[in-house]
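Notes follow once the structure below has been shown.
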Amino acid sequence: MDKAQILVASNRGPVSFSIGEDGSLDYRRGGGGLVSGLSSVAETTDTLWVCAALSEADRTAAARAPEARLDLAGFDLGGMRVRMLDIPPDTFTDAYTRVANSTLWFVHHMLYDTPNKPRFDAAFRAQWEGFRSYNAAFAEALLTGSADNARVAVQDYHLALVPRMLRQRRPDLRITHFSHTPWAPPEYFGMLPGEVGRELLEGMLGADHLGFLSRRWAEAFLHCCETFLPIDVDWDRRTVEFGGRLVHVGVHALGADADSLRRRAAAADVEEWRTALRERVGDTRLIVRVDRTELSKNIVRGMEAYRELLREHPEWQGRVTHLAFAYPSRGDVPEYREYTEQVQRVAKEINQEFATADWTPLVLELTDDFPRSLAAYRMADVLLINPIRDGMNLVAKEAPALSDDGCALVLSTEAGAADELGANSFLVNPYDISQTAGALRKALEMPDDKRRARCERLVESGTALPPKRWFEEQLRALR
Ligand code: G6P
């Protein structure tokens with residue numbers, strides 16, 4: 001098979017397969033900025049994307065065509081090659097469910113309920129072995145698939161050990177690693193067993209360039225290096241000397257892909273959803289949120305803030321609807337299942353307290369429907385984005401770009417997006433329910449012209465670094 005000049009590696013790939021009744025394989029493109037970010041390079045360079053097979057259909061596809069050249073022309077992706085790795089199920093569970101999602105995700109988002117968790121025992125050590133094997137499987141595929149001096153863009157916490165594994169065997173490769181999450185400060189990162197923390201940091205330092213979404217996360221990473229490794233940080237240049245090489249740490253604040261979103265949002269299915277949603281909510285004002293049902297997104301406190309608004313300002317009863325789209329995520333992690341139940345319970349309580357014959361105050365949808373989300377983005381008067389901690393939060397940048405009449409943004413200070421959007425948002429402390437309720441009210445009561453003008457500025461800042469340029473910036477950093 002041809003060796004690629006540019007390689008991307010991520011746990012979740014750019015497509016997912018499905019098997020038709022006649023046994024034929026079909027695929028559809030997943031969401032996310034990274035896929036569109038690659039559009040520029042895939043046309044001109046031989047590009048290979050290595051990812052994990054995440055379903056039975058993916059595994060079937062991987063077995064039938066180990067390196068599928070996918071025609072993603074409809075998405076300007078030319079004929080990019082995708083290689084799905086069929087990781088043994090136990091190894092995958094250890095790596096993805098236990099280490100990546102139940103440990104690293106919790107650490108970086110500071111989600112632990114610390115009197116009980118985390119617990120790093122013998123079982124965790126065994127799972128860590130699985131995490132190593134999973135990273136090694138990715139490294140192997142990248143090593144065999146890469147041309148001399150190829151550039152490799154490794155994505156996210158799942159693959160933190162890959163850069164060093166590549167470096168040890170192929171010093172010619174130019175490697176970048178990008179973190180799509182926040183990074184924990186040393187006090188929190190230090191909860192990990194010492195040898196695990198060091199292996200993660202050293203694993204990433206195998207790269208030439210490390211990218212983060214916000215200066216806050218980049219600096220937290222450097223603080224961890226300084227605290228847990230015997231190395232010095234050059235804070236002016238944001239570099240670390242490691243293994244006789246200089247590793248650069250950069251901030252690349254991924255923005256929304258406004259053009260492709262607008263094209264998609266003009267389609268008939270989105271129009272149909274817009275009509276259907278309008279019928280459902282009547283002429284009430286709309287507070288919209290769209291997330292994975294994810295602990296860090298803080299959906300419950302958001303609903304509680306809405307409840308407080310209705311209690312404290314009854315004049316809004318009957319005049320506003322909260323559309324909360326919380327689609328399923330990581331059902332293998334018990335905390336996520338419990339959280340989903342909690343979200344449903346609180347939504348029900350709010351409707352029981354306030355609903356009338358012709359008004360449903362809160363519409364909760366727990367299934368994923370992309371065109372429905374786009375319709376809601378277009379219709380939102382207020383966008384509620386209140387995560388406890390979030391690497392960026394692209395919804396905060398995408399929704400204003402699609403808004404029909406300008407939306408106001410209530411935004412957590414703890415989202416990376418607050419760096420660029422904070423000046424034109426109602427910033428809130430995500431734990432402060434009353435402050436969030438107050439911000440929702442101010443956002444609802446903002447004069448139309450002011451709201452529209454602010455929304456324009458949100459669009460300007462939120463689209464400043466579209467995925468294509470975001471990806472090019474990182475490749476350039478490898479020169
Ligand atoms: C975050 C991570 C991504 C991940 C996505 C969805 O954005 O940074 O790497 O793909 O969540 O999570 P999932 O576990 O479903 O892939």
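Letters A, B, ... mark the chains of the structure tokens in the order given; residue numbers begin at 1 per chain; ligand numbers begin at 1, in order shown.
Residues lying within 10 Å of Met165 in chain A, counting only C-alpha atoms and ignoring same-chain neighbours fewer than 5 positions away, are Arg132, Asn135, Ala136, Phe138, Ala139, Glu140, Leu143, Ala160, Arg170, Gly203, Met204, Gly206 and Ala207 of chain A.
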As a ChimeraX atom specification, please: every protein or nucleic acid residue near ligand 1 (cut-off 8 Å, counting only C-alpha atoms and all ligand atoms).
/A:10-12,96,101,155-158,179-181,292,329-330,391
When you look at Met84 in chain A with a cut-off of 6 Å (counting only C-alpha atoms), what residues show up, excluding the ones that are within fewer than 6 positions of it in the same chain? I need them as a list in words.
Val50, Cys51, Ala52, Ala53 and Ala62 of chain A
Keeping N, CA and C atoms, export the residues of the selection given above as a JSON list (two decimals), in the first residue's frame.
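Wrote it out as again.json, contents follow:
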```json
[["chain", "number", "residue", "atom", "x", "y", "z"],
["A", 50, "VAL", "N", -5.92, 7.18, 10.40],
["A", 50, "VAL", "CA", -5.97, 5.94, 11.16],
["A", 50, "VAL", "C", -6.90, 6.16, 12.36],
["A", 51, "CYS", "N", -7.88, 5.26, 12.52],
["A", 51, "CYS", "CA", -8.83, 5.42, 13.63],
["A", 51, "CYS", "C", -9.25, 4.03, 14.11],
["A", 52, "ALA", "N", -10.03, 3.99, 15.16],
["A", 52, "ALA", "CA", -10.48, 2.70, 15.69],
["A", 52, "ALA", "C", -11.81, 2.31, 15.06],
["A", 53, "ALA", "N", -12.00, 1.02, 14.82],
["A", 53, "ALA", "CA", -13.32, 0.52, 14.41],
["A", 53, "ALA", "C", -14.20, 0.57, 15.65],
["A", 62, "ALA", "N", -13.34, -2.86, 8.03],
["A", 62, "ALA", "CA", -11.90, -2.97, 8.21],
["A", 62, "ALA", "C", -11.38, -4.30, 7.68]]
```
What are the closest atom pairs, with distances in Å to one decimal, for all residues of range 199-245 of chain A lying within 12 Å of range 254-259 of chain A? Consider only C-alpha atoms, order rows by chain and residue number, and present the result as JSON lines.
```
{"residue": "A:Gly211", "atom": "CA", "partner": "A:Leu254", "partner_atom": "CA", "distance": 10.6}
{"residue": "A:Phe212", "atom": "CA", "partner": "A:Leu254", "partner_atom": "CA", "distance": 9.3}
{"residue": "A:Leu213", "atom": "CA", "partner": "A:Leu254", "partner_atom": "CA", "distance": 6.6}
{"residue": "A:Ser214", "atom": "CA", "partner": "A:Leu254", "partner_atom": "CA", "distance": 9.3}
```
Given the selection you just returned, output its residues as a file containing N, CA and C atoms, formatted as a compact mmCIF listing (two decimals), in the first residue's frame.
```
# COMPACT_ATOMS: atom_id res chain seq x y z
N GLY A 211 -0.34 20.98 20.41
CA GLY A 211 -1.34 22.03 20.24
C GLY A 211 -2.44 21.94 21.29
N PHE A 212 -2.90 23.11 21.72
CA PHE A 212 -4.03 23.21 22.67
C PHE A 212 -5.01 24.25 22.15
N LEU A 213 -6.23 24.20 22.70
CA LEU A 213 -7.29 25.10 22.22
C LEU A 213 -7.26 26.45 22.91
N SER A 214 -6.65 26.51 24.10
CA SER A 214 -6.63 27.76 24.84
C SER A 214 -5.28 27.89 25.55
```
Considering only strand (DSSP E) as DSSP defines it on the backbone, what residues of range 337-475 of chain A qualify? List them as a ChimeraX atom specification.
/A:362-365,382-385,408-412,426-428
Serialized selection, N, CA and C atoms, as a PDB file, in the first residue's frame:
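So the final result, stored in selection_25.pdb, reads:
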```pdb
ATOM      1  N   LEU A 362     -40.168  23.100  29.082  1.00  0.00           N
ATOM      2  CA  LEU A 362     -38.862  22.523  28.744  1.00  0.00           C
ATOM      3  C   LEU A 362     -39.042  21.336  27.800  1.00  0.00           C
ATOM      4  N   VAL A 363     -38.416  21.409  26.649  1.00  0.00           N
ATOM      5  CA  VAL A 363     -38.473  20.298  25.696  1.00  0.00           C
ATOM      6  C   VAL A 363     -37.106  19.633  25.688  1.00  0.00           C
ATOM      7  N   LEU A 364     -37.049  18.408  26.224  1.00  0.00           N
ATOM      8  CA  LEU A 364     -35.785  17.674  26.284  1.00  0.00           C
ATOM      9  C   LEU A 364     -35.798  16.586  25.215  1.00  0.00           C
ATOM     10  N   GLU A 365     -34.771  16.535  24.391  1.00  0.00           N
ATOM     11  CA  GLU A 365     -34.651  15.467  23.394  1.00  0.00           C
ATOM     12  C   GLU A 365     -33.349  14.738  23.641  1.00  0.00           C
ATOM     13  N   VAL A 382     -31.626  32.722  22.761  1.00  0.00           N
ATOM     14  CA  VAL A 382     -30.529  32.656  23.724  1.00  0.00           C
ATOM     15  C   VAL A 382     -29.899  31.277  23.617  1.00  0.00           C
ATOM     16  N   LEU A 383     -28.578  31.266  23.623  1.00  0.00           N
ATOM     17  CA  LEU A 383     -27.849  30.014  23.585  1.00  0.00           C
ATOM     18  C   LEU A 383     -27.246  29.821  24.971  1.00  0.00           C
ATOM     19  N   LEU A 384     -27.501  28.652  25.563  1.00  0.00           N
ATOM     20  CA  LEU A 384     -26.978  28.399  26.920  1.00  0.00           C
ATOM     21  C   LEU A 384     -25.839  27.389  26.839  1.00  0.00           C
ATOM     22  N   ILE A 385     -24.644  27.837  27.207  1.00  0.00           N
ATOM     23  CA  ILE A 385     -23.449  26.985  27.161  1.00  0.00           C
ATOM     24  C   ILE A 385     -22.695  27.191  28.471  1.00  0.00           C
ATOM     25  N   ALA A 408     -28.323  35.716  21.683  1.00  0.00           N
ATOM     26  CA  ALA A 408     -27.456  36.126  22.792  1.00  0.00           C
ATOM     27  C   ALA A 408     -26.809  34.866  23.348  1.00  0.00           C
ATOM     28  N   LEU A 409     -25.610  35.010  23.886  1.00  0.00           N
ATOM     29  CA  LEU A 409     -24.885  33.841  24.371  1.00  0.00           C
ATOM     30  C   LEU A 409     -24.633  33.937  25.873  1.00  0.00           C
ATOM     31  N   VAL A 410     -25.137  32.941  26.614  1.00  0.00           N
ATOM     32  CA  VAL A 410     -24.791  32.807  28.036  1.00  0.00           C
ATOM     33  C   VAL A 410     -23.698  31.740  28.093  1.00  0.00           C
ATOM     34  N   LEU A 411     -22.507  32.136  28.525  1.00  0.00           N
ATOM     35  CA  LEU A 411     -21.334  31.284  28.341  1.00  0.00           C
ATOM     36  C   LEU A 411     -20.531  31.134  29.630  1.00  0.00           C
ATOM     37  N   SER A 412     -20.141  29.910  29.913  1.00  0.00           N
ATOM     38  CA  SER A 412     -19.309  29.637  31.091  1.00  0.00           C
ATOM     39  C   SER A 412     -17.901  30.209  30.897  1.00  0.00           C
ATOM     40  N   PHE A 426     -22.733  36.813  27.936  1.00  0.00           N
ATOM     41  CA  PHE A 426     -22.998  36.946  29.359  1.00  0.00           C
ATOM     42  C   PHE A 426     -22.204  35.830  30.024  1.00  0.00           C
ATOM     43  N   LEU A 427     -21.087  36.175  30.618  1.00  0.00           N
ATOM     44  CA  LEU A 427     -20.212  35.147  31.198  1.00  0.00           C
ATOM     45  C   LEU A 427     -20.738  34.710  32.558  1.00  0.00           C
ATOM     46  N   VAL A 428     -20.709  33.409  32.818  1.00  0.00           N
ATOM     47  CA  VAL A 428     -21.190  32.905  34.107  1.00  0.00           C
ATOM     48  C   VAL A 428     -20.218  31.904  34.724  1.00  0.00           C
TER      49      VAL A 428
END
```
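When only C-alpha atoms are used to measure the gap to Pro14 in chain A, the shortest distance among A:His177, A:Arg28, A:Arg263, A:Arg164 belongs to A:Arg28.
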Near Glu456 in chain A, counting only C-alpha atoms, which residues have an atom at most 9 Å away, once you skip same-chain residues fewer than 6 positions from it, shown as an mmCIF file with N, CA and C atoms, in the first residue's frame?
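Written out: result-v6.cif:
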```
data_model
loop_
_atom_site.group_PDB
_atom_site.id
_atom_site.type_symbol
_atom_site.label_atom_id
_atom_site.label_comp_id
_atom_site.auth_asym_id
_atom_site.auth_seq_id
_atom_site.Cartn_x
_atom_site.Cartn_y
_atom_site.Cartn_z
ATOM 1 N N PRO A 400 -24.145 30.830 16.656
ATOM 2 C CA PRO A 400 -24.325 32.228 16.239
ATOM 3 C C PRO A 400 -24.166 32.406 14.726
ATOM 4 N N ALA A 401 -23.284 31.597 14.119
ATOM 5 C CA ALA A 401 -23.039 31.737 12.674
ATOM 6 C C ALA A 401 -24.269 31.342 11.859
ATOM 7 N N GLY A 406 -30.020 36.686 15.094
ATOM 8 C CA GLY A 406 -29.070 37.063 16.146
ATOM 9 C C GLY A 406 -29.450 36.437 17.474
#
```
Between A:His252, A:Arg216, A:Arg237, A:His108, which one has atoms that come closest to Met191 in chain A, using only C-alpha atoms?
A:His108
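Straight-line separation from CA of Tyr431 in chain A to CA of Thr367 in chain A: 26.3 Å.
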To test your reading of the structure, identify every residue in range 225-385 of chain A that backbone DSSP assigns to helix (DSSP H, G or I), and report it as a PyMOL selection string.
chain A and resi 225-228+258-265+268-281+295-297+299-312+314-316+334-354+370-379
Residue subset to file, keeping C-alpha atoms, as an mmCIF file, in the first residue's frame:
```
data_model
loop_
_atom_site.group_PDB
_atom_site.id
_atom_site.type_symbol
_atom_site.label_atom_id
_atom_site.label_comp_id
_atom_site.auth_asym_id
_atom_site.auth_seq_id
_atom_site.Cartn_x
_atom_site.Cartn_y
_atom_site.Cartn_z
ATOM 1 C CA CYS A 225 5.811 19.247 32.916
ATOM 2 C CA GLU A 226 7.628 21.544 35.302
ATOM 3 C CA THR A 227 6.088 19.874 38.349
ATOM 4 C CA PHE A 228 6.373 16.207 37.439
ATOM 5 C CA ALA A 258 -19.321 28.690 8.839
ATOM 6 C CA ASP A 259 -19.535 28.123 5.076
ATOM 7 C CA SER A 260 -20.165 24.408 5.201
ATOM 8 C CA LEU A 261 -22.544 24.766 8.163
ATOM 9 C CA ARG A 262 -24.568 27.420 6.359
ATOM 10 C CA ARG A 263 -24.802 25.240 3.262
ATOM 11 C CA ARG A 264 -26.009 22.331 5.380
ATOM 12 C CA ALA A 265 -28.429 24.479 7.390
ATOM 13 C CA ALA A 268 -34.842 21.067 3.168
ATOM 14 C CA ASP A 269 -34.657 18.762 6.206
ATOM 15 C CA VAL A 270 -33.469 21.646 8.396
ATOM 16 C CA GLU A 271 -36.314 23.837 7.074
ATOM 17 C CA GLU A 272 -38.783 21.084 7.900
ATOM 18 C CA TRP A 273 -37.448 20.851 11.426
ATOM 19 C CA ARG A 274 -37.675 24.587 11.815
ATOM 20 C CA THR A 275 -41.360 24.523 10.932
ATOM 21 C CA ALA A 276 -42.005 21.551 13.206
ATOM 22 C CA LEU A 277 -40.168 23.096 16.158
ATOM 23 C CA ARG A 278 -41.945 26.415 15.719
ATOM 24 C CA GLU A 279 -45.283 24.631 15.783
ATOM 25 C CA ARG A 280 -44.234 22.881 18.950
ATOM 26 C CA VAL A 281 -43.086 25.983 20.875
ATOM 27 C CA LEU A 295 -21.113 15.352 32.784
ATOM 28 C CA SER A 296 -18.845 18.293 32.010
ATOM 29 C CA LYS A 297 -21.568 20.093 30.030
ATOM 30 C CA ILE A 299 -26.893 20.325 31.783
ATOM 31 C CA VAL A 300 -28.603 19.862 35.153
ATOM 32 C CA ARG A 301 -27.417 23.183 36.626
ATOM 33 C CA GLY A 302 -28.469 24.830 33.366
ATOM 34 C CA MET A 303 -31.992 23.478 33.833
ATOM 35 C CA GLU A 304 -31.988 24.506 37.471
ATOM 36 C CA ALA A 305 -31.067 28.037 36.413
ATOM 37 C CA TYR A 306 -34.011 28.007 34.001
ATOM 38 C CA ARG A 307 -36.265 26.815 36.842
ATOM 39 C CA GLU A 308 -35.029 29.642 39.060
ATOM 40 C CA LEU A 309 -35.732 32.133 36.291
ATOM 41 C CA LEU A 310 -39.339 30.906 36.003
ATOM 42 C CA ARG A 311 -39.785 30.967 39.782
ATOM 43 C CA GLU A 312 -38.235 34.366 40.420
ATOM 44 C CA PRO A 314 -43.044 34.539 36.740
ATOM 45 C CA GLU A 315 -43.686 37.127 34.030
ATOM 46 C CA TRP A 316 -41.606 34.817 31.790
ATOM 47 C CA PRO A 334 -21.960 4.299 34.721
ATOM 48 C CA GLU A 335 -21.679 7.993 35.666
ATOM 49 C CA TYR A 336 -23.024 8.927 32.226
ATOM 50 C CA ARG A 337 -26.037 6.645 32.579
ATOM 51 C CA GLU A 338 -26.816 8.101 36.005
ATOM 52 C CA TYR A 339 -26.381 11.614 34.693
ATOM 53 C CA THR A 340 -28.788 10.958 31.815
ATOM 54 C CA GLU A 341 -31.400 9.821 34.347
ATOM 55 C CA GLN A 342 -30.808 12.931 36.424
ATOM 56 C CA VAL A 343 -31.232 15.162 33.354
ATOM 57 C CA GLN A 344 -34.554 13.459 32.588
ATOM 58 C CA ARG A 345 -35.715 13.716 36.192
ATOM 59 C CA VAL A 346 -35.020 17.438 36.514
ATOM 60 C CA ALA A 347 -36.642 18.167 33.141
ATOM 61 C CA LYS A 348 -39.758 16.303 34.286
ATOM 62 C CA GLU A 349 -39.855 18.198 37.592
ATOM 63 C CA ILE A 350 -39.709 21.532 35.786
ATOM 64 C CA ASN A 351 -42.519 20.588 33.439
ATOM 65 C CA GLN A 352 -44.620 19.301 36.346
ATOM 66 C CA GLU A 353 -44.133 22.542 38.234
ATOM 67 C CA PHE A 354 -44.925 25.006 35.439
ATOM 68 C CA PHE A 370 -28.106 16.862 13.310
ATOM 69 C CA PRO A 371 -30.648 18.700 11.087
ATOM 70 C CA ARG A 372 -32.854 19.282 14.135
ATOM 71 C CA SER A 373 -29.883 20.785 15.998
ATOM 72 C CA LEU A 374 -29.133 23.081 13.064
ATOM 73 C CA ALA A 375 -32.770 24.217 13.001
ATOM 74 C CA ALA A 376 -32.530 25.018 16.724
ATOM 75 C CA TYR A 377 -29.306 26.983 16.145
ATOM 76 C CA ARG A 378 -31.120 29.075 13.575
ATOM 77 C CA MET A 379 -34.066 29.748 15.885
#
```
Nearby residues (only C-alpha atoms) at most 12 Å from Arg245 in chain A, same-chain spacing under 5 positions excluded, as a list in words
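The neighbour list is Arg167, Pro171, Leu205, Gly206, Ala207, Asp208, His209, Ile231, Thr239 and Val240 of chain A.
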Output file for the residues above (C-alpha atoms, as an mmCIF file, in the first residue's frame):
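Below you can see out.cif, which holds the result:
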```cif
data_model
loop_
_atom_site.group_PDB
_atom_site.id
_atom_site.type_symbol
_atom_site.label_atom_id
_atom_site.label_comp_id
_atom_site.auth_asym_id
_atom_site.auth_seq_id
_atom_site.Cartn_x
_atom_site.Cartn_y
_atom_site.Cartn_z
ATOM 1 C CA ARG A 167 9.765 8.991 17.826
ATOM 2 C CA PRO A 171 13.135 9.921 14.163
ATOM 3 C CA LEU A 205 6.706 15.165 24.522
ATOM 4 C CA GLY A 206 7.731 12.684 21.829
ATOM 5 C CA ALA A 207 6.054 15.147 19.437
ATOM 6 C CA ASP A 208 7.733 18.192 17.872
ATOM 7 C CA HIS A 209 4.697 20.347 18.435
ATOM 8 C CA ILE A 231 12.865 19.601 32.906
ATOM 9 C CA THR A 239 9.097 25.376 24.672
ATOM 10 C CA VAL A 240 10.405 22.422 26.621
#
```
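Nearest residue to Thr91 in chain A among A:Phe131, A:Trp49, A:Phe189, A:Trp235 is A:Phe131, counting only C-alpha atoms.
Across A:Val8, A:Leu25, A:Ala399, A:Leu475, the tightest approach to Arg59 in chain A is made by A:Leu25 when counting only C-alpha atoms.
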